[in-house]
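Colleague: Below you'll find input.txt; it's compact mmCIF, C-alpha atoms and all ligand atoms.
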```txt
# COMPACT_ATOMS: atom_id res chain seq x y z
CA MET S 1 22.97 162.29 89.58
CA PRO S 2 20.91 159.10 89.88
CA LEU S 3 20.55 157.12 86.71
CA ILE S 4 17.19 156.82 84.89
CA LEU S 5 16.60 154.26 82.13
CA VAL S 6 14.13 155.19 79.39
CA THR S 7 12.81 152.60 76.94
CA ASN S 8 9.73 151.99 74.78
CA ASP S 9 8.14 149.57 72.33
CA ASP S 10 7.71 151.94 69.39
CA GLY S 11 11.44 151.84 68.68
CA ILE S 12 14.51 154.06 69.06
CA HIS S 13 13.30 156.60 66.48
CA ALA S 14 9.86 157.24 68.02
CA ALA S 15 9.03 160.83 68.95
CA GLY S 16 7.49 159.71 72.26
CA LEU S 17 10.79 158.17 73.39
CA ALA S 18 12.78 161.37 72.80
CA THR S 19 10.06 163.40 74.55
CA LEU S 20 10.14 161.15 77.64
CA ALA S 21 13.96 161.21 77.81
CA GLU S 22 13.90 165.01 77.64
CA ALA S 23 11.09 165.27 80.22
CA LEU S 24 13.08 163.26 82.78
CA ALA S 25 16.48 164.88 82.11
CA GLU S 26 16.20 167.23 85.09
CA LEU S 27 15.46 164.32 87.48
CA GLY S 28 18.55 162.25 86.75
CA GLU S 29 21.12 161.13 84.19
CA VAL S 30 18.91 159.67 81.47
CA TRP S 31 20.09 156.65 79.47
CA VAL S 32 17.99 155.46 76.55
CA ILE S 33 18.02 151.77 75.56
CA ALA S 34 15.25 150.97 73.10
CA PRO S 35 14.38 148.42 70.40
CA GLU S 36 15.90 149.20 66.99
CA ARG S 37 12.45 148.77 65.40
CA GLU S 38 8.83 148.87 66.49
CA GLN S 39 7.80 146.09 68.91
CA SER S 40 4.24 147.16 69.77
CA ALA S 41 2.03 144.35 71.10
CA CYS S 42 5.10 142.14 71.65
CA GLY S 43 4.03 141.69 75.28
CA HIS S 44 6.62 140.49 77.75
CA ALA S 45 8.73 138.57 75.20
CA LEU S 46 12.43 138.00 75.94
CA THR S 47 15.04 137.14 73.33
CA LEU S 48 16.79 133.97 74.49
CA HIS S 49 17.61 132.16 71.23
CA ARG S 50 20.13 134.66 69.85
CA PRO S 51 22.43 137.36 71.26
CA VAL S 52 21.21 140.96 71.61
CA ARG S 53 23.57 143.77 70.71
CA PRO S 54 23.27 147.42 71.77
CA VAL S 55 24.36 149.85 69.03
CA GLU S 56 25.36 153.35 70.16
CA MET S 57 23.16 155.93 68.43
CA GLY S 58 24.28 158.98 70.40
CA GLU S 59 25.36 160.04 73.87
CA ARG S 60 23.81 157.57 76.41
CA ARG S 61 21.47 156.35 73.65
CA PHE S 62 21.42 152.74 72.37
CA ALA S 63 19.34 150.71 69.91
CA VAL S 64 18.94 146.98 70.56
CA ASN S 65 17.90 144.19 68.18
CA GLY S 66 15.37 142.91 70.69
CA THR S 67 12.27 143.59 72.74
CA PRO S 68 11.50 146.21 75.41
CA SER S 69 12.04 143.55 78.10
CA ASP S 70 15.48 142.79 76.60
CA CYS S 71 16.35 146.48 76.86
CA VAL S 72 15.35 146.58 80.54
CA ASN S 73 17.37 143.45 81.29
CA LEU S 74 20.44 144.99 79.68
CA GLY S 75 19.97 148.29 81.49
CA VAL S 76 19.27 146.89 84.93
CA LEU S 77 21.60 143.88 84.96
CA GLY S 78 24.93 145.46 84.09
CA PHE S 79 25.15 147.26 80.77
CA LEU S 80 24.81 150.68 82.42
CA PRO S 81 27.59 152.10 84.65
CA GLU S 82 25.27 151.68 87.66
CA PRO S 83 21.74 150.32 88.18
CA PRO S 84 18.96 152.82 87.43
CA VAL S 85 16.77 154.21 90.22
CA LEU S 86 13.81 154.41 87.81
CA VAL S 87 12.79 152.76 84.54
CA ALA S 88 10.35 154.82 82.45
CA SER S 89 8.71 153.27 79.40
CA GLY S 90 7.05 155.27 76.62
CA ILE S 91 5.68 157.65 75.68
CA ASN S 92 3.71 155.07 73.74
CA HIS S 93 1.90 156.25 70.64
CA GLY S 94 -1.61 155.05 71.55
CA GLY S 95 -3.29 154.12 74.83
CA ASN S 96 -2.56 151.04 76.96
CA LEU S 97 -5.70 150.69 79.04
CA GLY S 98 -7.37 147.99 81.10
CA ASP S 99 -6.94 144.38 80.00
CA ASP S 100 -4.86 145.50 77.02
CA VAL S 101 -1.82 145.99 79.30
CA THR S 102 -1.19 142.25 78.96
CA TYR S 103 -0.29 142.68 75.26
CA SER S 104 1.62 145.90 75.70
CA GLY S 105 5.37 146.02 75.15
CA THR S 106 5.37 149.43 76.84
CA VAL S 107 3.83 148.11 80.06
CA SER S 108 5.82 144.85 79.86
CA ALA S 109 9.06 146.84 80.00
CA SER S 110 7.81 148.30 83.29
CA MET S 111 6.80 144.83 84.49
CA GLU S 112 10.32 143.57 83.77
CA ALA S 113 11.87 146.47 85.70
CA THR S 114 9.50 145.82 88.61
CA LEU S 115 10.39 142.11 88.66
CA LEU S 116 14.06 143.15 88.73
CA GLY S 117 13.37 145.40 91.73
CA VAL S 118 13.53 148.82 90.04
CA PRO S 119 10.58 151.25 90.40
CA SER S 120 8.93 151.87 87.06
CA ILE S 121 6.28 153.84 85.21
CA ALA S 122 4.76 153.19 81.79
CA VAL S 123 3.38 156.21 79.92
CA SER S 124 1.00 156.07 76.95
CA LEU S 125 -0.70 158.84 74.99
CA LEU S 126 -4.08 158.28 73.38
CA ASP S 127 -4.27 158.99 69.66
CA GLY S 128 -4.68 162.70 69.00
CA GLY S 129 -3.17 163.79 72.35
CA SER S 130 -0.23 166.13 72.88
CA LEU S 131 3.25 164.81 73.65
CA ALA S 132 3.87 167.97 75.73
CA ASP S 133 0.90 167.10 77.99
CA ALA S 134 2.18 163.52 78.32
CA ALA S 135 5.71 164.77 79.11
CA ALA S 136 4.40 167.04 81.89
CA ALA S 137 2.37 164.22 83.45
CA ALA S 138 5.28 161.76 83.15
CA ARG S 139 7.68 164.17 84.86
CA LEU S 140 5.29 164.78 87.79
CA VAL S 141 4.55 161.08 88.32
CA ALA S 142 8.24 160.14 88.00
CA MET S 143 9.25 162.79 90.53
CA ARG S 144 6.63 161.50 92.95
CA VAL S 145 7.87 157.92 92.55
CA LEU S 146 11.48 158.98 93.13
CA VAL S 147 10.52 160.84 96.33
CA ALA S 148 7.84 158.54 97.77
CA GLY S 149 8.74 155.14 96.26
CA LEU S 150 6.21 152.50 95.19
CA PRO S 151 4.61 149.55 97.00
CA PRO S 152 6.49 146.27 96.44
CA LYS S 153 6.06 144.55 93.04
CA THR S 154 3.94 147.46 91.79
CA LEU S 155 4.34 149.70 88.74
CA LEU S 156 2.33 152.71 87.61
CA ASN S 157 0.54 152.57 84.28
CA VAL S 158 -0.08 156.14 83.10
CA ASN S 159 -2.38 157.08 80.21
CA VAL S 160 -2.83 160.62 78.89
CA PRO S 161 -6.12 161.68 77.25
CA PRO S 162 -6.45 163.04 73.71
CA GLN S 163 -7.48 166.49 74.97
CA SER S 164 -5.70 168.86 77.39
CA PRO S 165 -5.91 166.98 80.77
CA ARG S 166 -8.35 168.24 83.44
CA GLY S 167 -6.25 166.59 86.14
CA ILE S 168 -4.71 163.29 87.24
CA ARG S 169 -6.80 160.46 88.68
CA LEU S 170 -5.82 157.17 90.33
CA ALA S 171 -7.85 154.41 88.67
CA ARG S 172 -8.17 150.65 88.49
CA LEU S 173 -7.71 148.83 85.18
CA GLY S 174 -10.93 148.53 83.16
CA HIS S 175 -12.21 145.40 81.49
CA ARG S 176 -12.56 145.01 77.77
CA VAL S 177 -15.64 143.31 76.38
CA TYR S 178 -14.49 140.90 73.70
CA SER S 179 -17.02 141.59 71.01
CA ASP S 180 -14.26 141.65 68.36
CA LYS S 181 -14.73 139.39 65.42
CA ILE S 182 -11.94 138.10 63.25
CA VAL S 183 -12.16 139.48 59.73
CA GLU S 184 -11.77 136.81 57.04
CA GLN S 185 -10.40 137.69 53.62
CA ARG S 186 -9.22 135.68 50.64
CA ASP S 187 -5.91 136.09 48.85
CA PRO S 188 -5.66 135.99 45.01
CA ARG S 189 -5.17 132.19 45.17
CA GLY S 190 -8.41 131.71 47.10
CA ARG S 191 -6.80 130.91 50.46
CA SER S 192 -8.29 132.41 53.63
CA HIS S 193 -6.44 134.70 55.97
CA TYR S 194 -7.68 136.56 59.03
CA TRP S 195 -7.25 139.99 60.64
CA LEU S 196 -7.21 140.08 64.46
CA GLY S 197 -8.16 143.10 66.58
CA GLY S 198 -10.29 144.66 63.87
CA GLY S 199 -13.28 145.99 65.82
CA GLU S 200 -13.57 149.06 68.05
CA PRO S 201 -12.90 148.08 71.68
CA VAL S 202 -15.97 147.99 73.92
CA TRP S 203 -15.47 148.56 77.65
CA ALA S 204 -17.43 147.32 80.65
CA ALA S 205 -18.64 149.82 83.32
CA LEU S 206 -16.28 152.81 83.29
CA GLU S 207 -16.77 153.99 86.91
CA GLY S 208 -13.41 154.12 88.71
CA THR S 209 -11.48 152.72 85.76
CA ASP S 210 -8.59 154.06 83.70
CA MET S 211 -10.86 154.09 80.65
CA GLY S 212 -13.42 156.13 82.61
CA ALA S 213 -10.78 158.66 83.68
CA ILE S 214 -9.58 159.06 80.08
CA HIS S 215 -13.19 159.36 78.92
CA GLU S 216 -13.68 162.30 81.30
CA GLY S 217 -10.46 163.98 80.19
CA TYR S 218 -8.16 162.98 83.07
CA VAL S 219 -4.72 161.41 83.07
CA SER S 220 -5.19 157.93 84.56
CA VAL S 221 -2.60 156.43 86.91
CA SER S 222 -3.17 152.72 87.63
CA PRO S 223 -1.01 150.85 90.16
CA VAL S 224 -0.44 147.41 88.61
CA GLN S 225 0.83 144.53 90.75
CA LEU S 226 2.96 141.69 89.50
CA ASP S 227 1.73 139.12 92.00
CA LEU S 228 -0.83 137.44 89.73
CA THR S 229 -1.96 135.07 92.49
CA ASN S 230 -5.65 135.16 93.34
CA HIS S 231 -5.12 134.98 97.10
CA ALA S 232 -8.83 134.58 97.90
CA ALA S 233 -8.97 131.62 95.49
CA VAL S 234 -5.99 129.90 97.16
CA ALA S 235 -8.06 129.81 100.35
CA ARG S 236 -11.38 129.05 98.65
CA LEU S 237 -9.99 126.13 96.59
CA ALA S 238 -7.77 124.78 99.39
CA ASP S 239 -9.71 121.48 99.65
CA TRP S 240 -8.97 120.77 95.96
CA GLY S 241 -5.42 119.82 97.03
CA PRO S 242 -6.29 116.78 99.20
CA ALA S 243 -9.18 115.76 96.88
CA LEU S 244 -7.00 115.81 93.75
CA SER S 245 -4.14 114.10 95.64
CA ALA S 246 -6.42 111.17 96.51
CA GLN S 247 -7.59 110.91 92.88
CA LEU S 248 -3.98 111.08 91.64
CA LYS S 249 -3.00 108.30 94.03
CA GLY S 250 -6.00 106.17 92.93
CA ALA S 251 -5.14 106.68 89.25
CA GLY S 252 -1.53 105.62 89.95
CA GLU S 253 -2.64 102.48 91.71
CA ARG S 254 -4.99 101.53 88.85
CA ARG S 255 -2.13 102.09 86.34
CA ARG S 256 0.19 99.74 88.27
CA GLN S 257 -2.43 96.95 88.51
MN MN F 301 3.75 150.91 70.94
```
Please re-express this file's structure in structure tokens.
Ligand code: MN
Modeller:
Amino acid sequence: MPLILVTNDDGIHAAGLATLAEALAELGEVWVIAPEREQSACGHALTLHRPVRPVEMGERRFAVNGTPSDCVNLGVLGFLPEPPVLVASGINHGGNLGDDVTYSGTVSASMEATLLGVPSIAVSLLDGGSLADAAAAARLVAMRVLVAGLPPKTLLNVNVPPQSPRGIRLARLGHRVYSDKIVEQRDPRGRSHYWLGGGEPVWAALEGTDMGAIHEGYVSVSPVQLDLTNHAAVARLADWGPALSAQLKGAGERRRQ
């Protein structure tokens, strides 16, 4: 049986993690390596300043004092008896849509797997949705990835709507409109502190986006690429190179005078 690594950012005890592990059990030998406590919104952080230690919690099930990306590194780079053929992250409690994927520990685990050359899916369930619906969608998408593979440096970000899904739709990532304000409060000693991420998210045009698909009751599947280069801009800004080089040279000459 091929080996499948399951991780998350909600921690080893999260219901979504157990559901995903169970959903993928018929596709391969599932190993779970997950953070010992919740790491939501930790992004792509890696633990480099102290050792990370997997603690066995059950058969093929380990808790790690680290981040989702740490767990993927352990799983892919030698802790498991053989490298996994798939890394599945989730099922996150709450959506990971559009621009918010950059904060997401769930999606970052998939990014790490993708950078390490292992196909990966990230699965998130919007608040109020059913874990059984998310499990069914995750199993179908995972099976498809195992059979058909993924384009290079590309992961699939899957979100499951709060109601029973009408279907599955491929979608681009939506853009968040940053209308959020910070909320200022005062502590009993009169000092200010601030809450981030207080407001309701507002989204730009929904057409063709993951947010739009969710809005209409579909599971969204967004291919996310890890090449962050803006290739059109490399060509468009090409003359900046020689221009800035000349200025750099001129500045150096003035400094030496
Ligand atoms: Mn989470």
Colleague: Set out as CSV a contact list for chain S and ligand MN 301 (chain F) with a cut-off of 6 Å, giving each residue of chain S that qualifies its closest atom pair and distance in Å to one decimal, counting all atoms listed in the file, ordered by chain and rising residue number.
Modeller:
```
residue,atom,partner,partner_atom,distance
S:Asp9,CA,F:MN301,MN,4.8
S:Asp10,CA,F:MN301,MN,4.4
S:Ser40,CA,F:MN301,MN,4.0
S:Asn92,CA,F:MN301,MN,5.0
S:His93,CA,F:MN301,MN,5.7
```
Colleague: I'd like the interatomic distance between CA of His49 (chain S) and CA of Ile33 (chain S), to a tenth of an Å.
Modeller: 20.1 Å
Colleague: Residues within 12 Å of (-6.8, 161.6, 78.5), file coordinates, counting only C-alpha atoms: what are they? Give the list as a count of residues only.
Modeller: 40
Colleague: What does the structure give for the distance between CA of Glu59 (chain S) and CA of Gly78 (chain S), in Å to one decimal?
Modeller: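 A separation of 17.8 Å between them.
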Colleague: Would you work out the distance separating CA of Glu207 (chain S) from CA of Asp100 (chain S), expressed in Å to one decimal?
Modeller: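 Separation of CA of Glu207 (chain S) and CA of Asp100 (chain S): 17.7 Å.
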Colleague: From the options S:Arg255, S:Arg37, S:Arg236, S:Arg139, which residue's atoms come nearest to Ile91 (chain S), counting only C-alpha atoms?
Modeller: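 Ranking S:Arg255, S:Arg37, S:Arg236, S:Arg139 by distance to Ile91 (chain S), first place goes to S:Arg139.
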Colleague: Show me, as a list of chain:residue names, the residues that have an atom within 10 Å of Leu27 (chain S) when counting only C-alpha atoms, minus same-chain residues fewer than 6 positions from it.
Modeller: S:Met1, S:Pro2, S:Leu3, S:Ile4, S:Arg139, S:Ala142, S:Met143, S:Leu146
Colleague: Find the residues near Leu226 (chain S): any atom within 12 Å, counting only C-alpha atoms, skip ones fewer than 4 places away on the same chain, and give them as a list in words.
Modeller: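 Everything that qualifies: Thr102, Val107, Ser108, Ser110, Met111, Glu112, Ala113, Thr114, Leu115, Leu116, Gly117, Pro151, Pro152, Lys153, Thr154, Leu155, Leu156 and Asn230 of chain S.
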Colleague: My list of candidates is S:Ala171, S:Leu237, S:Ala45, S:Val6. Which is closest to Tyr103 (chain S) when distances are computed with only C-alpha atoms?
Modeller: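 Under the stated criterion, the closest residue is S:Ala45.
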Colleague: Determine, counting all atoms listed in the file, which protein, DNA and RNA residues have an atom within 8 Å of an atom of Thr47 (chain S); residues of the same chain fewer than 3 positions away are not included. Present the result as a list in words.
Modeller: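 The contact residues come out as Arg50, Pro51, Val52, Gly66, Thr67 and Asp70 of chain S.
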Colleague: Using all atoms listed in the file, find the one residue out of S:Pro68, S:Gly75, S:Gly90, S:Pro84 that sits nearest to Ala15 (chain S).
Modeller: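 Using all atoms listed in the file, Ala15 (chain S) sits closest to S:Gly90.
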Colleague: Build an axis-aligned box that encloses every atom of region 114-118 of chain S listed in the file, pad it by 8 Å on each side, and report its centre and edge lengths in Å to one decimal, as AutoDock Vina command-line options.
Modeller:
```
--center_x 11.8 --center_y 145.5 --center_z 90.2 --size_x 20.6 --size_y 22.7 --size_z 19.1
```
